[in-house]
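Colleague: To start, I am sharing the structure in question, which I have written as structure tokens.
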Amino acid sequence: GLCNHKEMFEHAIKGGFAVPGFNFNNLEQMQAIIQACTEAKSPVILQVSKGAREYANATLLRNLAKGAVEYSKEIDPEHKGVPISLNLNHGANFQICKECVDNGFSNVMIDGSALPYEENVKLTKQVVEYAHKFGVTVEGELGVLSGVEDDVAAAEHVFTDPKDVEAFVKDTGVDALAISIGTSHGAYKFKPGMHPRIRLDILHEVEKRIPGFPIVLHGSSSVPQEWVAVINQYGGKLESAIGIPEDQIREAVKSAVCKVNIDSDGRLAMTGSIRRYLAEHPKDFDPRQYLGPARQALKELYLHKVSDKVLNSAGKS
Ligand code: G3H
Ligand code: ZN
């Protein structure tokens, strides 16, 4: 069955790697994630956002994830597949978290990061108390990431204050904490000319206050310039899309960072692949003809992400 994050994160802390949090909202994305992670023997967290639930239907998505557990075993019967979690990403309120707990998710994120501190504590605690009764782990968030994820846009970036983290994890009982150290959602994380840099100093300060406690990084796409170039070459218009350099993510996962969320990079790879395919094959009209190569591009991207060049989770399941 689906795994919660307790053991996954214990291994990640000890092993100096992070489990990928990959978003999905369709079949090809799911296939790419499971093929890549099973072949690389990496544990994986499948993430469903509010936008994904609206786009693809929540019932279909969770059954796709349950099917993924069997699919992974089918790909690697000897190894019995890889550990797979189904996570609600950026749960906005108690109700949506409860619904996901009730429907078999193995982890939920309650994102109270935009709320005043005390309200964030109260809401997060309420979700933890409910989820834990069913063996579902919970991720909370302190500090605000900028950028746009689906229709959830944060107004202003606020770095996590390391002084708050100890009380927050203690008072809420969360199993993992997402922090804001300069990553952000979407493909436009830095302005041209800016030095793209995350605040590893804040991460290390947080770690000192809650040693060995699982940390999560959202907004960690690197925005591969090869894919931005392909998109622009074939009719796209992405100007100055800049992400987090992968060596900084690699550095971060050596610490207590146990989970790293990557969504935009996959969107770019799929879109680039589809644009190129259609431009080069104007007569084709079977969706499998362009979705097949897009799925392969996505799979290769994920194989790279789980390798020792970025998350280092390959071979760790
Ligand atoms: O929750 C999802 C991730 O935080 C998405 O981040 O836009 O950098 O891929 P990304
Ligand atoms: Zn996020």
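All residue names refer to the structure tokens as shown: chains lettered A, B, ... in order, residues numbered from 1 in each chain, ligands numbered from 1 in order.
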Do you know which residues are within 8 Å of ligand 2 using only C-alpha atoms and all ligand atoms? Can you write them as a PyMOL selection string?

Modeller: chain A and resi 89-90+149+184-185+217-219+261

Colleague: Counting only C-alpha atoms and all ligand atoms, which residues of chain A fall within 9 Å of ligand 1, and what is the closest atom pair for each with its distance in Å at one decimal, ordered by chain and rising number, as JSON lines?

Modeller:
{"residue": "A:Gly21", "atom": "CA", "partner": "ligand 1", "partner_atom_place_in_ligand_line": "2 (C)", "distance": 7.5}
{"residue": "A:Phe22", "atom": "CA", "partner": "ligand 1", "partner_atom_place_in_ligand_line": "2 (C)", "distance": 7.6}
{"residue": "A:Asn23", "atom": "CA", "partner": "ligand 1", "partner_atom_place_in_ligand_line": "2 (C)", "distance": 6.8}
{"residue": "A:Gln47", "atom": "CA", "partner": "ligand 1", "partner_atom_place_in_ligand_line": "1 (O)", "distance": 7.8}
{"residue": "A:Val48", "atom": "CA", "partner": "ligand 1", "partner_atom_place_in_ligand_line": "1 (O)", "distance": 8.9}
{"residue": "A:Ser49", "atom": "CA", "partner": "ligand 1", "partner_atom_place_in_ligand_line": "1 (O)", "distance": 7.7}
{"residue": "A:Asn89", "atom": "CA", "partner": "ligand 1", "partner_atom_place_in_ligand_line": "1 (O)", "distance": 6.0}
{"residue": "A:His90", "atom": "CA", "partner": "ligand 1", "partner_atom_place_in_ligand_line": "1 (O)", "distance": 6.8}
{"residue": "A:Leu145", "atom": "CA", "partner": "ligand 1", "partner_atom_place_in_ligand_line": "4 (O)", "distance": 8.8}
{"residue": "A:Gly147", "atom": "CA", "partner": "ligand 1", "partner_atom_place_in_ligand_line": "7 (O)", "distance": 7.9}
{"residue": "A:Val148", "atom": "CA", "partner": "ligand 1", "partner_atom_place_in_ligand_line": "7 (O)", "distance": 7.7}
{"residue": "A:Glu149", "atom": "CA", "partner": "ligand 1", "partner_atom_place_in_ligand_line": "7 (O)", "distance": 6.5}
{"residue": "A:Thr183", "atom": "CA", "partner": "ligand 1", "partner_atom_place_in_ligand_line": "8 (O)", "distance": 7.2}
{"residue": "A:Ser184", "atom": "CA", "partner": "ligand 1", "partner_atom_place_in_ligand_line": "8 (O)", "distance": 6.0}
{"residue": "A:His185", "atom": "CA", "partner": "ligand 1", "partner_atom_place_in_ligand_line": "7 (O)", "distance": 3.8}
{"residue": "A:Gly186", "atom": "CA", "partner": "ligand 1", "partner_atom_place_in_ligand_line": "7 (O)", "distance": 3.6}
{"residue": "A:Ala187", "atom": "CA", "partner": "ligand 1", "partner_atom_place_in_ligand_line": "7 (O)", "distance": 6.2}
{"residue": "A:Tyr188", "atom": "CA", "partner": "ligand 1", "partner_atom_place_in_ligand_line": "7 (O)", "distance": 8.7}
{"residue": "A:Lys189", "atom": "CA", "partner": "ligand 1", "partner_atom_place_in_ligand_line": "8 (O)", "distance": 8.0}
{"residue": "A:Leu217", "atom": "CA", "partner": "ligand 1", "partner_atom_place_in_ligand_line": "4 (O)", "distance": 7.1}
{"residue": "A:His218", "atom": "CA", "partner": "ligand 1", "partner_atom_place_in_ligand_line": "4 (O)", "distance": 3.5}
{"residue": "A:Gly219", "atom": "CA", "partner": "ligand 1", "partner_atom_place_in_ligand_line": "6 (O)", "distance": 3.1}
{"residue": "A:Ser220", "atom": "CA", "partner": "ligand 1", "partner_atom_place_in_ligand_line": "8 (O)", "distance": 4.1}
{"residue": "A:Ser221", "atom": "CA", "partner": "ligand 1", "partner_atom_place_in_ligand_line": "8 (O)", "distance": 3.7}
{"residue": "A:Ser222", "atom": "CA", "partner": "ligand 1", "partner_atom_place_in_ligand_line": "8 (O)", "distance": 7.1}
{"residue": "A:Val223", "atom": "CA", "partner": "ligand 1", "partner_atom_place_in_ligand_line": "8 (O)", "distance": 7.9}
{"residue": "A:Gly243", "atom": "CA", "partner": "ligand 1", "partner_atom_place_in_ligand_line": "8 (O)", "distance": 7.3}
{"residue": "A:Ile244", "atom": "CA", "partner": "ligand 1", "partner_atom_place_in_ligand_line": "8 (O)", "distance": 8.0}
{"residue": "A:Val260", "atom": "CA", "partner": "ligand 1", "partner_atom_place_in_ligand_line": "4 (O)", "distance": 7.8}
{"residue": "A:Asn261", "atom": "CA", "partner": "ligand 1", "partner_atom_place_in_ligand_line": "3 (C)", "distance": 4.4}
{"residue": "A:Ile262", "atom": "CA", "partner": "ligand 1", "partner_atom_place_in_ligand_line": "9 (O)", "distance": 3.8}
{"residue": "A:Asp263", "atom": "CA", "partner": "ligand 1", "partner_atom_place_in_ligand_line": "9 (O)", "distance": 3.4}
{"residue": "A:Ser264", "atom": "CA", "partner": "ligand 1", "partner_atom_place_in_ligand_line": "9 (O)", "distance": 3.7}
{"residue": "A:Asp265", "atom": "CA", "partner": "ligand 1", "partner_atom_place_in_ligand_line": "9 (O)", "distance": 5.8}
{"residue": "A:Gly266", "atom": "CA", "partner": "ligand 1", "partner_atom_place_in_ligand_line": "9 (O)", "distance": 7.7}
{"residue": "A:Arg267", "atom": "CA", "partner": "ligand 1", "partner_atom_place_in_ligand_line": "9 (O)", "distance": 8.4}

Colleague: Show which residues sit within 12 Å of Thr137 of chain A, as a PyMOL selection string. Count only C-alpha atoms, and ignore same-chain residues fewer than 3 positions away.

Modeller: chain A and resi 2-9+85-88+97+100-101+104-110+124+127-134+140+173-177+214

Colleague: Give the helix (DSSP H, G or I) residues of segment 77-217 of chain A, as DSSP finds them on the backbone, and put them as number ranges by chain.

Modeller: A: 94-102, 117-132, 162-172, 200-209

Colleague: So which one's closest to Asp76 of chain A, A:Ser313, A:Gln289, A:Thr38, A:Thr59? Using only C-alpha atoms, please.

Modeller: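 Of A:Ser313, A:Gln289, A:Thr38, A:Thr59, the one nearest Asp76 of chain A is A:Thr38, counting only C-alpha atoms.
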
Colleague: So that I can see what lies close to His204 of chain A, please list as a ChimeraX atom specification the residues with an atom at most 12 Å from it, counting only C-alpha atoms and leaving out residues fewer than 4 positions away in the same chain.

Modeller: /A:160-162,179,181,198-200,208-213,215,251-257

Colleague: Produce a file of the selected residues containing N, CA and C atoms, as a compact mmCIF listing (two decimals), in the first residue's frame.

Modeller:
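The resulting file, again.txt, is reproduced below:
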# COMPACT_ATOMS: atom_id res chain seq x y z
N THR A 160 11.49 32.09 6.56
CA THR A 160 11.16 31.48 7.84
C THR A 160 12.06 32.07 8.92
N ASP A 161 11.46 32.38 10.06
CA ASP A 161 12.26 32.87 11.18
C ASP A 161 12.68 31.67 12.03
N PRO A 162 13.97 31.36 12.05
CA PRO A 162 14.42 30.16 12.79
C PRO A 162 13.98 30.17 14.25
N ILE A 179 9.88 25.05 4.88
CA ILE A 179 10.41 26.37 5.26
C ILE A 179 10.68 27.21 4.01
N ILE A 181 13.23 29.60 2.29
CA ILE A 181 14.63 30.06 2.33
C ILE A 181 15.08 30.62 0.98
N ILE A 198 19.83 30.36 -2.71
CA ILE A 198 18.94 30.12 -1.58
C ILE A 198 19.71 30.34 -0.28
N ARG A 199 18.98 30.58 0.81
CA ARG A 199 19.60 30.94 2.08
C ARG A 199 19.90 29.69 2.90
N LEU A 200 21.00 29.03 2.53
CA LEU A 200 21.41 27.84 3.27
C LEU A 200 21.73 28.20 4.72
N LYS A 208 19.74 23.71 13.55
CA LYS A 208 20.33 23.78 14.89
C LYS A 208 19.24 23.78 15.96
N ARG A 209 18.11 24.42 15.62
CA ARG A 209 17.03 24.54 16.61
C ARG A 209 16.19 23.26 16.72
N ILE A 210 16.07 22.52 15.60
CA ILE A 210 15.30 21.26 15.63
C ILE A 210 16.14 20.15 14.98
N PRO A 211 17.19 19.72 15.68
CA PRO A 211 18.11 18.76 15.07
C PRO A 211 17.40 17.46 14.67
N GLY A 212 17.67 17.03 13.46
CA GLY A 212 17.12 15.76 12.97
C GLY A 212 15.64 15.81 12.61
N PHE A 213 15.04 16.98 12.65
CA PHE A 213 13.62 17.08 12.29
C PHE A 213 13.50 17.28 10.77
N ILE A 215 12.83 18.45 7.18
CA ILE A 215 12.56 19.74 6.55
C ILE A 215 12.15 19.50 5.09
N GLU A 251 23.26 20.56 -2.26
CA GLU A 251 23.87 20.93 -0.99
C GLU A 251 22.82 20.83 0.14
N ALA A 252 21.64 21.35 -0.13
CA ALA A 252 20.58 21.38 0.89
C ALA A 252 20.18 19.97 1.34
N VAL A 253 20.14 19.00 0.41
CA VAL A 253 19.64 17.67 0.78
C VAL A 253 20.64 16.87 1.63
N LYS A 254 21.86 17.38 1.74
CA LYS A 254 22.83 16.72 2.64
C LYS A 254 22.42 16.92 4.10
N SER A 255 21.59 17.92 4.33
CA SER A 255 21.16 18.25 5.69
C SER A 255 19.86 17.52 6.02
N ALA A 256 19.05 18.11 6.88
CA ALA A 256 17.79 17.49 7.29
C ALA A 256 16.67 17.70 6.26
N VAL A 257 17.00 18.26 5.11
CA VAL A 257 15.98 18.38 4.06
C VAL A 257 15.66 16.97 3.54

Colleague: Pick out the closest residue to Gly315 of chain A from this set: A:Lys299, A:Gly67, A:Asn25, A:Val82. Count only C-alpha atoms.

Modeller: A:Val82

Colleague: Which residue out of A:Glu156, A:His79, A:Arg53, A:Leu64 has the minimum interatomic distance to Lys316 of chain A when only C-alpha atoms are used?

Modeller: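 Using only C-alpha atoms, the shortest distance to Lys316 of chain A belongs to A:His79.
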
Colleague: Go through A:Ile249, A:Gly16, A:Ile231, A:His195 and flag the residue nearest Lys305 of chain A, using only C-alpha atoms for the distances.

Modeller: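 Comparing A:Ile249, A:Gly16, A:Ile231, A:His195 against Lys305 of chain A, the winner is A:Ile249.
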
Colleague: Of the candidates A:Gln233, A:Asn63, A:Thr172, A:Gln248, which shows the shortest atom-to-atom distance to Leu203 of chain A, using only C-alpha atoms?

Modeller: A:Gln248

Colleague: Please run DSSP on the backbone and report, as a PDB file with N, CA, C and O atoms, in the first residue's frame, all residues within segment 139-310 of chain A that come out as strand (DSSP E).

Modeller:
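Result went into part23.pdb, see below:
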ATOM      1  N   GLU A 139       2.501  17.474   6.980  1.00  0.00           N
ATOM      2  CA  GLU A 139       3.527  18.497   6.738  1.00  0.00           C
ATOM      3  C   GLU A 139       2.905  19.872   6.982  1.00  0.00           C
ATOM      4  O   GLU A 139       1.807  20.144   6.502  1.00  0.00           O
ATOM      5  N   GLY A 140       3.599  20.708   7.750  1.00  0.00           N
ATOM      6  CA  GLY A 140       3.147  22.080   7.956  1.00  0.00           C
ATOM      7  C   GLY A 140       4.118  23.042   7.304  1.00  0.00           C
ATOM      8  O   GLY A 140       5.155  22.631   6.784  1.00  0.00           O
ATOM      9  N   GLU A 141       3.795  24.330   7.335  1.00  0.00           N
ATOM     10  CA  GLU A 141       4.708  25.303   6.724  1.00  0.00           C
ATOM     11  C   GLU A 141       4.796  26.585   7.533  1.00  0.00           C
ATOM     12  O   GLU A 141       3.804  27.106   8.014  1.00  0.00           O
ATOM     13  N   LEU A 142       6.010  27.077   7.646  1.00  0.00           N
ATOM     14  CA  LEU A 142       6.286  28.346   8.318  1.00  0.00           C
ATOM     15  C   LEU A 142       7.110  29.232   7.400  1.00  0.00           C
ATOM     16  O   LEU A 142       8.148  28.803   6.894  1.00  0.00           O
ATOM     17  N   GLY A 147       5.491  33.516  -5.613  1.00  0.00           N
ATOM     18  CA  GLY A 147       5.253  32.785  -6.856  1.00  0.00           C
ATOM     19  C   GLY A 147       3.849  32.236  -6.924  1.00  0.00           C
ATOM     20  O   GLY A 147       3.071  32.366  -5.994  1.00  0.00           O
ATOM     21  N   VAL A 148       3.546  31.625  -8.058  1.00  0.00           N
ATOM     22  CA  VAL A 148       2.194  31.142  -8.301  1.00  0.00           C
ATOM     23  C   VAL A 148       2.210  29.631  -8.446  1.00  0.00           C
ATOM     24  O   VAL A 148       2.978  29.080  -9.215  1.00  0.00           O
ATOM     25  N   GLU A 149       1.375  28.955  -7.677  1.00  0.00           N
ATOM     26  CA  GLU A 149       1.191  27.533  -7.880  1.00  0.00           C
ATOM     27  C   GLU A 149      -0.281  27.286  -8.122  1.00  0.00           C
ATOM     28  O   GLU A 149      -1.101  27.520  -7.257  1.00  0.00           O
ATOM     29  N   VAL A 152      -2.996  29.331  -6.528  1.00  0.00           N
ATOM     30  CA  VAL A 152      -2.600  29.811  -5.204  1.00  0.00           C
ATOM     31  C   VAL A 152      -1.377  30.725  -5.346  1.00  0.00           C
ATOM     32  O   VAL A 152      -0.280  30.268  -5.632  1.00  0.00           O
ATOM     33  N   ALA A 153      -1.585  31.992  -5.178  1.00  0.00           N
ATOM     34  CA  ALA A 153      -0.474  32.927  -5.309  1.00  0.00           C
ATOM     35  C   ALA A 153      -0.202  33.589  -3.965  1.00  0.00           C
ATOM     36  O   ALA A 153      -1.106  34.035  -3.282  1.00  0.00           O
ATOM     37  N   ALA A 154       1.055  33.608  -3.588  1.00  0.00           N
ATOM     38  CA  ALA A 154       1.417  34.296  -2.355  1.00  0.00           C
ATOM     39  C   ALA A 154       1.836  35.713  -2.701  1.00  0.00           C
ATOM     40  O   ALA A 154       2.511  35.938  -3.701  1.00  0.00           O
ATOM     41  N   ALA A 176       6.700  17.000   9.589  1.00  0.00           N
ATOM     42  CA  ALA A 176       7.711  17.627   8.742  1.00  0.00           C
ATOM     43  C   ALA A 176       7.358  19.097   8.585  1.00  0.00           C
ATOM     44  O   ALA A 176       6.187  19.477   8.689  1.00  0.00           O
ATOM     45  N   LEU A 177       8.382  19.896   8.338  1.00  0.00           N
ATOM     46  CA  LEU A 177       8.166  21.342   8.249  1.00  0.00           C
ATOM     47  C   LEU A 177       8.725  21.906   6.951  1.00  0.00           C
ATOM     48  O   LEU A 177       9.921  21.771   6.660  1.00  0.00           O
ATOM     49  N   ALA A 178       7.836  22.542   6.163  1.00  0.00           N
ATOM     50  CA  ALA A 178       8.280  23.254   4.959  1.00  0.00           C
ATOM     51  C   ALA A 178       8.738  24.641   5.386  1.00  0.00           C
ATOM     52  O   ALA A 178       8.062  25.313   6.168  1.00  0.00           O
ATOM     53  N   ILE A 179       9.883  25.048   4.882  1.00  0.00           N
ATOM     54  CA  ILE A 179      10.411  26.367   5.255  1.00  0.00           C
ATOM     55  C   ILE A 179      10.683  27.212   4.005  1.00  0.00           C
ATOM     56  O   ILE A 179      10.814  26.678   2.901  1.00  0.00           O
ATOM     57  N   ILE A 215      12.828  18.451   7.183  1.00  0.00           N
ATOM     58  CA  ILE A 215      12.558  19.741   6.546  1.00  0.00           C
ATOM     59  C   ILE A 215      12.152  19.502   5.093  1.00  0.00           C
ATOM     60  O   ILE A 215      12.664  18.595   4.435  1.00  0.00           O
ATOM     61  N   VAL A 216      11.238  20.335   4.610  1.00  0.00           N
ATOM     62  CA  VAL A 216      10.754  20.225   3.231  1.00  0.00           C
ATOM     63  C   VAL A 216      11.055  21.511   2.476  1.00  0.00           C
ATOM     64  O   VAL A 216      10.885  22.609   3.015  1.00  0.00           O
ATOM     65  N   LEU A 217      11.503  21.359   1.236  1.00  0.00           N
ATOM     66  CA  LEU A 217      11.670  22.529   0.371  1.00  0.00           C
ATOM     67  C   LEU A 217      10.663  22.483  -0.766  1.00  0.00           C
ATOM     68  O   LEU A 217      10.634  21.533  -1.552  1.00  0.00           O
ATOM     69  N   VAL A 257      16.997  18.257   5.111  1.00  0.00           N
ATOM     70  CA  VAL A 257      15.979  18.378   4.061  1.00  0.00           C
ATOM     71  C   VAL A 257      15.662  16.973   3.543  1.00  0.00           C
ATOM     72  O   VAL A 257      16.526  16.291   3.013  1.00  0.00           O
ATOM     73  N   CYS A 258      14.414  16.545   3.739  1.00  0.00           N
ATOM     74  CA  CYS A 258      14.005  15.160   3.441  1.00  0.00           C
ATOM     75  C   CYS A 258      13.110  15.066   2.234  1.00  0.00           C
ATOM     76  O   CYS A 258      12.839  13.981   1.729  1.00  0.00           O
ATOM     77  N   LYS A 259      12.544  16.194   1.826  1.00  0.00           N
ATOM     78  CA  LYS A 259      11.581  16.178   0.721  1.00  0.00           C
ATOM     79  C   LYS A 259      11.763  17.448  -0.082  1.00  0.00           C
ATOM     80  O   LYS A 259      11.851  18.538   0.508  1.00  0.00           O
ATOM     81  N   VAL A 260      11.818  17.314  -1.398  1.00  0.00           N
ATOM     82  CA  VAL A 260      12.006  18.461  -2.279  1.00  0.00           C
ATOM     83  C   VAL A 260      10.927  18.425  -3.354  1.00  0.00           C
ATOM     84  O   VAL A 260      10.786  17.421  -4.051  1.00  0.00           O
ATOM     85  N   ASN A 261      10.172  19.500  -3.463  1.00  0.00           N
ATOM     86  CA  ASN A 261       9.058  19.551  -4.409  1.00  0.00           C
ATOM     87  C   ASN A 261       9.474  20.138  -5.750  1.00  0.00           C
ATOM     88  O   ASN A 261      10.008  21.253  -5.804  1.00  0.00           O
ATOM     89  N   ILE A 262       9.187  19.389  -6.799  1.00  0.00           N
ATOM     90  CA  ILE A 262       9.527  19.834  -8.154  1.00  0.00           C
ATOM     91  C   ILE A 262       8.329  19.594  -9.068  1.00  0.00           C
ATOM     92  O   ILE A 262       7.887  18.457  -9.228  1.00  0.00           O
TER      93      ILE A 262
END

Colleague: Enter the distance from atom CA of Pro20 of chain A to atom CA of Asp102 of chain A, in Å, rounded to one decimal.

Modeller: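 Atom CA of Asp102 of chain A lies 24.1 Å from atom CA of Pro20 of chain A.
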
Colleague: Would you please work out which residue, of A:Ile274, A:Val228, A:Ala40, A:Ala241, is nearest to Gly193 of chain A when using only C-alpha atoms?

Modeller: A:Ala241
